[in-house]
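Student: Got a structure for you, questions after.
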Amino acid sequence: MDTYARFPVELVRGKGVWVWDRNGRRYLDCVAGIAVCTLGHSDGRLRKALSRQLGKLQHVSNLYRIPEQQELAAAITARSCFDRVFFCNSGAEANEAAIKLARKHGNLVRGISDAEGPLILTAEASFHGRTLAAVSATGQPKYHQGFTPMVQGFRYFPYNDTAAFESLLAACEAEGPRVAAVLLEPLQGEGGVHPGDRAFFARVRQLCDEHQILLIFDEVQIGVGRSGALWGYETLGIEPDAFTLAKGLGGGIPIGALAVKRHCDHFRPGDHASTFGGNPFACRAGLTVLAELGRRQLLAHVQLVGAVLASELDGLAQRHPTLVDGHRGWGLLQGLVLSPEAPAAPAVVKAALEQGLLVVPAGTNVVRLVPPLTIKPRQIRRAVQLLEQALLSLG
Ligand SMILES: *Cc1c(COP(=O)(O)O)cnc(C)c1O
């Protein structure tokens, strides 16, 4: 269907940070399937682990115990503040699980009846996915247009705005408990690469604690090493009660997850399910990605190359002050902020493609770079050179 405004390029092969189109033209891939291909393309270790798994067992129902799934849950809980994990297949689906969990929490813990209706507070310019509840949680009216009525029970406030959050919470709670959860990205990716503010998040954490409201992080894009820490919440210095993962977790194999602390481990048999979720093949991918992050010391690597990327983007901004306002981001999720006089981000992305560089817009005026975590410093420098050529090509 006509759901994507696609570039007229057919990508047929990849290796590391490079992809090739049908005509044999090579591109430096700073999209990585939008923050998905954590280990780059066609990674030897991932290939081997997945081939071995294919020869053993691909899929069985969640009617049975699945050792790979238990192992991946253990790998996530051992490395995070969480205790239990539910597996699904995508970011939107992980957020759907989180939304259902939040509603059950509102009912069980806060005594909010279905008649009153539990509320979930989310941020403007957020992005939580395209299924009906996830897109309702997304605080961007352009994604709602044409699809009303939206799923009820979401209220929005400006990201990083403590006063606005406090007053929305007070208004929602004026006549008693109504708010089940606050759902936030630690760094807003799609909405324009806006990093979370520590003081704001500390206050949100405090208020959620006071009211027994769940604080849920959507780490679908920033999680699994992209920030330079394993999880985005580490950079903010607080722990959420639950978080969602997807994109980078499977390194290109679809997998999503909702992880929770024990106190909000509310799902019971029959509450939620997924046919494909957490099958042996997808979980093998997740296990391999997490193992390789450790084995190759990729967190330290992301900190290093993330700093190189930030400083290269800084140089670009300084050389072109009329076109570039600056850059934002953590680790290998960085955005080049274009000035109001510059061409719009989609035009820059198209010009970059013509230069042999894949990048992706975030909002109208930000060019987002989310390369494989394995990218080398010289490849980062090359990417920023190509981005500069793209900007100059637009005159
Ligand atoms: C991409 C993304 C989603 C949606 O993930 P899908 O796998 O496309 O459903 C949700 N939240 C965030 C923060 C994302 O970046």
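Ordering of the structure tokens sets the chain letters (A, B, ...), residue numbers begin anew at 1 in every chain, and ligands are numbered from 1 in the order given.
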Taking the backbone alone, and naming residues the way the document does, which bits of stretch 159-392 of chain A are strand (DSSP E or B) by DSSP, as number ranges by chain?
Tutor: A: 179-184, 187-188, 194-195, 214-218, 242-245, 256-260, 324-330, 333-338, 357-358, 360-362, 366-369
Student: What are the closest atom pairs, with distances in Å to one decimal, for all residues of stretch 163-277 of chain A lying within 12 Å of stretch 57-66 of chain A? Consider only C-alpha atoms, order rows by chain and residue number, and present the result as CSV.
Tutor:
residue,atom,partner,partner_atom,distance
A:Pro269,CA,A:Leu63,CA,10.6
A:Gly270,CA,A:Leu63,CA,11.4
A:His272,CA,A:Asn62,CA,11.4
A:Ala273,CA,A:Asn62,CA,8.3
A:Ser274,CA,A:Asn62,CA,7.9
A:Thr275,CA,A:Ser61,CA,6.5
A:Phe276,CA,A:Ser61,CA,7.6
A:Gly277,CA,A:Asn62,CA,8.0
Student: Which residues are close to A:Phe157, i.e. within 9 Å by only C-alpha atoms, leaving aside same-chain residues fewer than 5 positions away? Reply as JSON, numbers by chain.
Tutor: {"A": [121, 122, 123, 124, 139, 164, 165, 168]}
Student: So which residues touch A:Asp21 within 6 Å, counting only C-alpha atoms, skipping near sequence neighbours fewer than 2 positions away, as a PDB file with all heavy atoms, in the first residue's frame?
Tutor:
ATOM      1  N   GLU A  10      16.614   0.968  -4.377  1.00  0.00           N
ATOM      2  CA  GLU A  10      16.383  -0.383  -3.871  1.00  0.00           C
ATOM      3  C   GLU A  10      17.650  -0.891  -3.208  1.00  0.00           C
ATOM      4  O   GLU A  10      18.655  -1.120  -3.887  1.00  0.00           O
ATOM      5  CB  GLU A  10      16.039  -1.327  -5.025  1.00  0.00           C
ATOM      6  CG  GLU A  10      14.621  -1.213  -5.509  1.00  0.00           C
ATOM      7  CD  GLU A  10      14.353  -2.234  -6.601  1.00  0.00           C
ATOM      8  OE1 GLU A  10      14.804  -2.003  -7.742  1.00  0.00           O
ATOM      9  OE2 GLU A  10      13.713  -3.259  -6.303  1.00  0.00           O
ATOM     10  N   LEU A  11      17.594  -1.076  -1.899  1.00  0.00           N
ATOM     11  CA  LEU A  11      18.758  -1.562  -1.178  1.00  0.00           C
ATOM     12  C   LEU A  11      18.731  -3.081  -1.178  1.00  0.00           C
ATOM     13  O   LEU A  11      17.706  -3.686  -0.846  1.00  0.00           O
ATOM     14  CB  LEU A  11      18.772  -1.001   0.234  1.00  0.00           C
ATOM     15  CG  LEU A  11      18.819   0.535   0.284  1.00  0.00           C
ATOM     16  CD1 LEU A  11      18.702   1.037   1.710  1.00  0.00           C
ATOM     17  CD2 LEU A  11      20.090   1.067  -0.377  1.00  0.00           C
ATOM     18  N   VAL A  12      19.837  -3.685  -1.590  1.00  0.00           N
ATOM     19  CA  VAL A  12      19.822  -5.135  -1.771  1.00  0.00           C
ATOM     20  C   VAL A  12      20.879  -5.877  -0.946  1.00  0.00           C
ATOM     21  O   VAL A  12      20.833  -7.097  -0.847  1.00  0.00           O
ATOM     22  CB  VAL A  12      20.000  -5.502  -3.277  1.00  0.00           C
ATOM     23  CG1 VAL A  12      18.797  -5.013  -4.079  1.00  0.00           C
ATOM     24  CG2 VAL A  12      21.289  -4.937  -3.853  1.00  0.00           C
ATOM     25  N   ASN A  23      21.940  -1.024  -8.254  1.00  0.00           N
ATOM     26  CA  ASN A  23      22.914  -0.650  -9.293  1.00  0.00           C
ATOM     27  C   ASN A  23      24.354  -0.729  -8.809  1.00  0.00           C
ATOM     28  O   ASN A  23      25.264  -0.308  -9.507  1.00  0.00           O
ATOM     29  CB  ASN A  23      22.630   0.779  -9.780  1.00  0.00           C
ATOM     30  CG  ASN A  23      21.213   0.909 -10.316  1.00  0.00           C
ATOM     31  OD1 ASN A  23      20.708  -0.024 -10.947  1.00  0.00           O
ATOM     32  ND2 ASN A  23      20.565   2.020 -10.031  1.00  0.00           N
ATOM     33  N   GLY A  24      24.548  -1.232  -7.586  1.00  0.00           N
ATOM     34  CA  GLY A  24      25.906  -1.379  -7.062  1.00  0.00           C
ATOM     35  C   GLY A  24      26.439  -0.124  -6.399  1.00  0.00           C
ATOM     36  O   GLY A  24      27.598  -0.080  -5.991  1.00  0.00           O
ATOM     37  N   ARG A  25      25.606   0.886  -6.234  1.00  0.00           N
ATOM     38  CA  ARG A  25      26.060   2.110  -5.566  1.00  0.00           C
ATOM     39  C   ARG A  25      26.073   1.894  -4.048  1.00  0.00           C
ATOM     40  O   ARG A  25      25.168   1.298  -3.483  1.00  0.00           O
ATOM     41  CB  ARG A  25      25.123   3.267  -5.934  1.00  0.00           C
ATOM     42  CG  ARG A  25      25.552   4.535  -5.275  1.00  0.00           C
ATOM     43  CD  ARG A  25      25.149   5.798  -5.989  1.00  0.00           C
ATOM     44  NE  ARG A  25      25.835   6.893  -5.320  1.00  0.00           N
ATOM     45  CZ  ARG A  25      25.280   8.052  -5.000  1.00  0.00           C
ATOM     46  NH1 ARG A  25      24.057   8.321  -5.388  1.00  0.00           N
ATOM     47  NH2 ARG A  25      25.985   8.965  -4.345  1.00  0.00           N
TER      48      ARG A  25
END
Student: Could you report the residues within 8 Å of ligand 1, using only C-alpha atoms and all ligand atoms, as a PyMOL selection string?
Tutor: chain A and resi 34+89-95+126-131+134+185+188-190+218-222+246-247+254+256
Student: Tell me which of A:Ile253, A:Ile375, A:Leu357, A:Ala351 sits closest to A:Gly395, counting only C-alpha atoms.
Tutor: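 The shortest atom-to-atom distance to A:Gly395 comes from A:Ala351.
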Student: Would you mind reading off the distance between atom CA of A:Asp114 and atom CA of A:Ala98, one decimal, in Å?
Tutor: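 Rounded to one decimal, the two atoms are 17.1 Å apart.
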Student: Counting only C-alpha atoms, figure out which residue out of A:Ile213, A:Ala347, A:Pro340, A:Arg268 gets nearest to A:Asn107.
Tutor: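 Using only C-alpha atoms, A:Asn107 sits closest to A:Ile213.
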Student: Would you kindly return, as JSON, numbers by chain, each protein, DNA or RNA residue with an atom no farther than 8 Å from any atom of stretch 381-392 of chain A, considering only C-alpha atoms and excluding same-chain residues fewer than 3 positions away?
Tutor: {"A": [28, 30, 308, 309, 312, 313, 316, 348, 351, 352, 354, 355, 356, 357, 377, 378, 395]}
Student: Quick one: residues within 12 Å of A:Arg13, only C-alpha atoms, excluding same-chain residues fewer than 4 positions away - as a compact mmCIF listing (two decimals) with N, CA, C and O atoms, in the first residue's frame?
Tutor:
# COMPACT_ATOMS: atom_id res chain seq x y z
N VAL A 17 28.59 -0.83 8.22
CA VAL A 17 27.84 0.43 8.13
C VAL A 17 27.49 0.78 6.69
O VAL A 17 26.98 1.87 6.43
N TRP A 18 27.78 -0.13 5.76
CA TRP A 18 27.54 0.16 4.34
C TRP A 18 26.36 -0.64 3.80
O TRP A 18 26.15 -1.79 4.18
N VAL A 19 25.60 0.00 2.90
CA VAL A 19 24.57 -0.74 2.14
C VAL A 19 24.76 -0.42 0.65
O VAL A 19 25.28 0.63 0.29
N TRP A 20 24.32 -1.37 -0.19
CA TRP A 20 24.44 -1.22 -1.64
C TRP A 20 23.07 -1.28 -2.28
O TRP A 20 22.22 -2.06 -1.85
N ASP A 21 22.87 -0.45 -3.32
CA ASP A 21 21.60 -0.53 -4.04
C ASP A 21 21.74 -1.48 -5.22
O ASP A 21 22.81 -2.04 -5.48
N ARG A 22 20.62 -1.66 -5.93
CA ARG A 22 20.57 -2.62 -7.03
C ARG A 22 21.59 -2.32 -8.12
O ARG A 22 22.06 -3.21 -8.81
N ASN A 23 21.94 -1.02 -8.25
CA ASN A 23 22.91 -0.65 -9.29
C ASN A 23 24.35 -0.73 -8.81
O ASN A 23 25.26 -0.31 -9.51
N GLY A 24 24.55 -1.23 -7.59
CA GLY A 24 25.91 -1.38 -7.06
C GLY A 24 26.44 -0.12 -6.40
O GLY A 24 27.60 -0.08 -5.99
N ARG A 25 25.61 0.89 -6.23
CA ARG A 25 26.06 2.11 -5.57
C ARG A 25 26.07 1.89 -4.05
O ARG A 25 25.17 1.30 -3.48
N ARG A 26 27.13 2.41 -3.41
CA ARG A 26 27.31 2.19 -1.98
C ARG A 26 26.88 3.43 -1.18
O ARG A 26 27.12 4.55 -1.61
N TYR A 27 26.24 3.19 -0.04
CA TYR A 27 25.81 4.28 0.85
C TYR A 27 26.34 4.03 2.26
O TYR A 27 26.33 2.88 2.73
N ASP A 29 25.50 4.13 5.91
CA ASP A 29 24.17 4.02 6.50
C ASP A 29 24.12 4.59 7.92
O ASP A 29 24.45 3.90 8.88
N GLY A 40 25.32 -3.38 12.96
CA GLY A 40 25.57 -3.17 11.53
C GLY A 40 24.89 -4.26 10.72
O GLY A 40 24.15 -5.09 11.25
N HIS A 41 25.15 -4.23 9.42
CA HIS A 41 24.51 -5.18 8.51
C HIS A 41 25.33 -6.46 8.40
O HIS A 41 26.56 -6.40 8.37
N SER A 42 24.61 -7.57 8.30
CA SER A 42 25.23 -8.84 8.00
C SER A 42 26.37 -9.17 8.97
O SER A 42 27.44 -9.63 8.57
Student: Would you please work out which residue, of A:Glu68, A:Glu96, A:Glu175, A:Asp265, is nearest to A:Leu132 when using only C-alpha atoms?
Tutor: A:Glu96
Student: Give the answer as one residue: which of A:Ile112, A:Val151, A:Leu249, A:Leu207 has the shortest atom-to-atom distance to A:Pro177, using only C-alpha atoms?
Tutor: A:Ile112
Student: Just the helix (DSSP H, G or I) stuff from stretch 154-372 of chain A, please, per backbone DSSP, written as a compact mmCIF listing (two decimals) with C-alpha atoms, in the first residue's frame.
Tutor:
# COMPACT_ATOMS: atom_id res chain seq x y z
CA THR A 162 7.99 20.91 35.13
CA ALA A 163 5.38 23.60 35.84
CA ALA A 164 3.11 22.39 33.03
CA PHE A 165 3.42 18.80 34.24
CA GLU A 166 2.62 19.76 37.83
CA SER A 167 -0.45 21.73 36.85
CA LEU A 168 -1.78 19.03 34.49
CA LEU A 169 -1.30 16.41 37.20
CA ALA A 170 -3.03 18.60 39.80
CA ALA A 171 -5.94 19.26 37.42
CA CYS A 172 -6.37 15.54 36.63
CA ARG A 198 17.38 15.69 34.62
CA ALA A 199 15.66 18.15 36.96
CA PHE A 200 12.34 17.69 35.14
CA PHE A 201 12.59 13.90 35.30
CA ALA A 202 13.60 13.99 38.97
CA ARG A 203 10.43 15.95 39.75
CA VAL A 204 8.25 13.61 37.67
CA ARG A 205 9.74 10.65 39.52
CA GLN A 206 9.05 12.30 42.88
CA LEU A 207 5.41 13.10 42.05
CA CYS A 208 4.78 9.62 40.63
CA ASP A 209 6.16 8.13 43.86
CA GLU A 210 3.95 10.36 45.99
CA HIS A 211 0.81 9.29 44.12
CA GLY A 232 18.41 5.69 28.49
CA TYR A 233 17.20 6.02 32.08
CA GLU A 234 20.78 5.73 33.34
CA THR A 235 21.61 9.05 31.70
CA LEU A 236 18.75 10.75 33.59
CA LYS A 247 14.23 -1.27 17.61
CA GLY A 248 17.84 -2.06 18.54
CA LEU A 249 17.14 -5.14 20.67
CA GLY A 250 17.05 -7.66 17.83
CA ARG A 262 8.11 -6.46 40.72
CA HIS A 263 5.70 -3.99 42.36
CA CYS A 264 3.89 -3.46 39.04
CA PRO A 280 13.23 -18.72 20.08
CA PHE A 281 14.53 -17.08 16.89
CA ALA A 282 13.82 -13.47 17.91
CA CYS A 283 15.11 -14.08 21.43
CA ARG A 284 18.33 -15.57 20.04
CA ALA A 285 18.79 -12.30 18.16
CA GLY A 286 18.25 -10.29 21.36
CA LEU A 287 20.62 -12.51 23.32
CA THR A 288 23.30 -12.16 20.67
CA VAL A 289 22.96 -8.37 20.49
CA LEU A 290 23.27 -8.03 24.28
CA ALA A 291 26.20 -10.47 24.39
CA GLU A 292 28.02 -8.63 21.59
CA LEU A 293 27.47 -5.25 23.29
CA GLY A 294 29.45 -6.67 26.19
CA ARG A 295 32.02 -8.72 24.29
CA LEU A 298 30.30 -1.26 22.61
CA LEU A 299 29.06 1.06 25.38
CA ALA A 300 32.52 2.58 25.79
CA HIS A 301 32.77 2.64 22.01
CA VAL A 302 29.45 4.52 21.65
CA GLN A 303 30.63 7.06 24.23
CA LEU A 304 33.79 7.59 22.19
CA VAL A 305 32.27 7.75 18.70
CA GLY A 306 29.25 9.65 20.03
CA ALA A 307 31.65 12.36 21.23
CA VAL A 308 33.35 12.34 17.82
CA LEU A 309 29.97 12.71 16.11
CA ALA A 310 28.93 15.55 18.43
CA SER A 311 32.18 17.42 17.83
CA GLU A 312 32.02 16.89 14.04
CA LEU A 313 28.45 18.22 14.01
CA ASP A 314 29.63 21.13 16.12
CA GLY A 315 32.31 21.90 13.52
CA LEU A 316 29.70 21.72 10.77
CA ALA A 317 27.44 24.12 12.69
CA GLN A 318 30.32 26.56 13.17
CA ARG A 319 31.28 26.49 9.48
CA ALA A 345 15.14 18.39 6.83
CA PRO A 346 13.52 16.15 4.15
CA ALA A 347 15.33 18.12 1.40
CA VAL A 348 18.66 17.72 3.22
CA VAL A 349 18.01 14.00 3.68
CA LYS A 350 17.34 13.65 -0.06
CA ALA A 351 20.49 15.61 -0.94
CA ALA A 352 22.49 13.39 1.46
CA LEU A 353 21.21 10.28 -0.29
CA GLU A 354 22.49 11.71 -3.56
CA GLN A 355 25.90 12.15 -1.86
Student: In Å, with one decimal, what is the gap from atom CA of A:Ala181 to atom CA of A:Gly237?
Tutor: 19.3 Å
Student: Have a look at A:Ala242, A:Ile255, A:Leu323, A:Val337 and name the one nearest to A:Thr77; count only C-alpha atoms.
Tutor: A:Ala242
Student: Considering only C-alpha atoms, state which residue in the set A:Leu373, A:Ala362, A:Val367, A:Ile216 is at the smallest distance from A:Ala180.
Tutor: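 With only C-alpha atoms as the atom set, the closest residue is A:Ile216.
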Student: In Å, with one decimal, what is the gap from atom CA of A:Asp325 to atom CA of A:Thr374?
Tutor: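 Separation of atom CA of A:Asp325 and atom CA of A:Thr374: 27.8 Å.
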